[in-house]
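> Before anything else, here's the structure in question.
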Amino acid sequence: MEVLPDIVAAEPRVVFCGLAGAASTTLRDHYYETPGNSFWESLHLSGFSPRRLRPDEDRLVADLGLGLTDLVGHWDPRSVELDALAAKLETWRPDWIAFTSKAVAAEAARADGVRRPGLGPRDWYLGGAQVFVLPGVSGANQRHDYDGRPTRLAWWRDLAALAL
């Protein structure tokens, strides 16, 4: 299983969290580098970044007061390393942990005994950080409705308004 090293600012406002250890066989060198992934565009268009960063510039998120990490998952038996993520969050002390898809948030919620969350800010805290659930950034996630919003970007802008 491949897990990228965390990239986190000294005092992050938001830590974005994906899922590592999924069934994907794609090896990656950088966060959100798969073709069609909208993470970097969404980060920019929502106001978190002054320009669209490339995946190979992922280390620059720390300069923006942000962080990148993954929830590590295992599928035989099915589990996620939620305690490890919570411990990291307690150390980093961000205001928000933003899961980058409902699927990632659902895995964390299942492990934490929390009801499967919808999009947006949740009344749920992990390691002291409030949970915000973003629509999936995968290029495969092309819907006509994102929990009442026409685009994924609306949710990103809500998070930016809360965090910035």
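Following the order of the structure tokens, chains are lettered A, B, ..., residues in each are numbered from 1, and ligands are numbered from 1.
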Taking the DSSP assignment computed from this structure's backbone, write out as a PyMOL selection string all residues of range 1-162 of chain A that belong to strand (DSSP E).
chain A and resi 7-8+14-20+66-75+78-80+96-99+120-126+129-133
> Residues near Gly118 in chain A, anyone? I mean within 10 Å using only C-alpha atoms, not counting same-chain ones fewer than 5 positions away, as a count of residues only.
10
> Nearest to Leu68 in chain A: which of A:Ala160, A:Pro150, A:Gly36, A:Leu89 is it, counting only C-alpha atoms?
A:Leu89
> Env of range 3-6 of chain A: 12 Å cut, atoms = only C-alpha atoms, seq-sep filter 2 positions within chain, self excluded. Answer as JSON, numbers by chain.
{"A": [1, 8, 9, 15, 16, 17, 18, 19, 20, 21, 22, 26, 27, 28, 29, 30, 31, 32, 33, 58, 59, 61, 62, 66, 67, 68, 69, 70, 71, 72, 73, 74, 85, 88, 89, 92]}
> Skipping near chain neighbours, those fewer than 6 positions away, what residues fall within 6 Å of Val137 in chain A using only C-alpha atoms, listed as a list in words?
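Contacts, with the query itself left out: Asn37, Ser38 and Phe39 of chain A.
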> Would you mind exporting the chosen residues as a CSV table (one decimal), in the first residue's frame, restricted to C-alpha atoms?

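After the write, result33.csv holds the following:
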chain,number,residue,atom,x,y,z
A,37,ASN,CA,-9.1,15.2,-10.9
A,38,SER,CA,-10.5,18.6,-9.9
A,39,PHE,CA,-8.8,19.1,-6.6
> Please determine, counting only C-alpha atoms, which residue among A:Leu164, A:Leu119, A:Val104, A:Val114 has the shortest atom-to-atom distance to Val80 in chain A.
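So, comparing all the options, the nearest one is A:Val104.
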> Rounded to one decimal place, report the CA of Val131 in chain A-CA of Ile97 in chain A distance in Å.
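A separation of 5.0 Å between them.
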> Please, what distance in Å, to one decimal, runs between CA of Leu82 in chain A and CA of Arg110 in chain A?
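Separating CA of Leu82 in chain A from CA of Arg110 in chain A is a distance of 9.9 Å.
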> Select, from A:Pro55, A:Pro35, A:Pro50, A:Gly65, the residue with the minimum atom-to-atom distance to Glu11 in chain A, counting only C-alpha atoms.
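For Glu11 in chain A, the nearest of the given residues is A:Gly65.
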> Which residues are close to range 153-157 of chain A, i.e. within 7 Å by only C-alpha atoms, leaving aside same-chain residues fewer than 5 positions away? Reply as a list in words.
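Once the nearby chain positions are removed, what remains is Ser42, Ser46, Gly120 and Leu134 of chain A.
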> What is the CA of Glu107 in chain A to CA of Ala161 in chain A distance in Å?
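Straight-line distance from CA of Glu107 in chain A to CA of Ala161 in chain A works out to 26.0 Å.
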> Write out as a VMD selection string the set of residues from range 7-156 of chain A that DSSP, computed on the backbone, places in alpha helix (DSSP H).
chain A and resid 39 to 45 82 to 92 102 to 112 153 to 156
> Leaving out Gly128 in chain A and any residue of its chain fewer than 6 positions from it, which residues lie within 9 Å of it when counting only C-alpha atoms, given as a compact mmCIF listing (two decimals) with N, CA and C atoms, in the first residue's frame?

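Result file around_16.txt:
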# COMPACT_ATOMS: atom_id res chain seq x y z
N ALA A 86 -6.82 10.98 13.77
CA ALA A 86 -7.23 11.85 14.88
C ALA A 86 -6.02 12.35 15.66
N LEU A 89 -4.37 15.09 13.74
CA LEU A 89 -5.15 16.33 13.83
C LEU A 89 -4.98 17.01 15.18
N GLU A 90 -4.87 16.22 16.24
CA GLU A 90 -4.63 16.79 17.56
C GLU A 90 -3.29 17.51 17.61
N ARG A 93 -3.71 20.68 14.89
CA ARG A 93 -4.73 21.60 15.38
C ARG A 93 -5.37 22.49 14.30
N PRO A 94 -5.80 21.90 13.18
CA PRO A 94 -6.51 22.72 12.19
C PRO A 94 -7.92 23.02 12.69
N ASP A 95 -8.52 24.06 12.11
CA ASP A 95 -9.92 24.33 12.42
C ASP A 95 -10.82 23.30 11.74
N TRP A 96 -10.43 22.87 10.54
CA TRP A 96 -11.27 21.99 9.72
C TRP A 96 -10.49 20.80 9.18
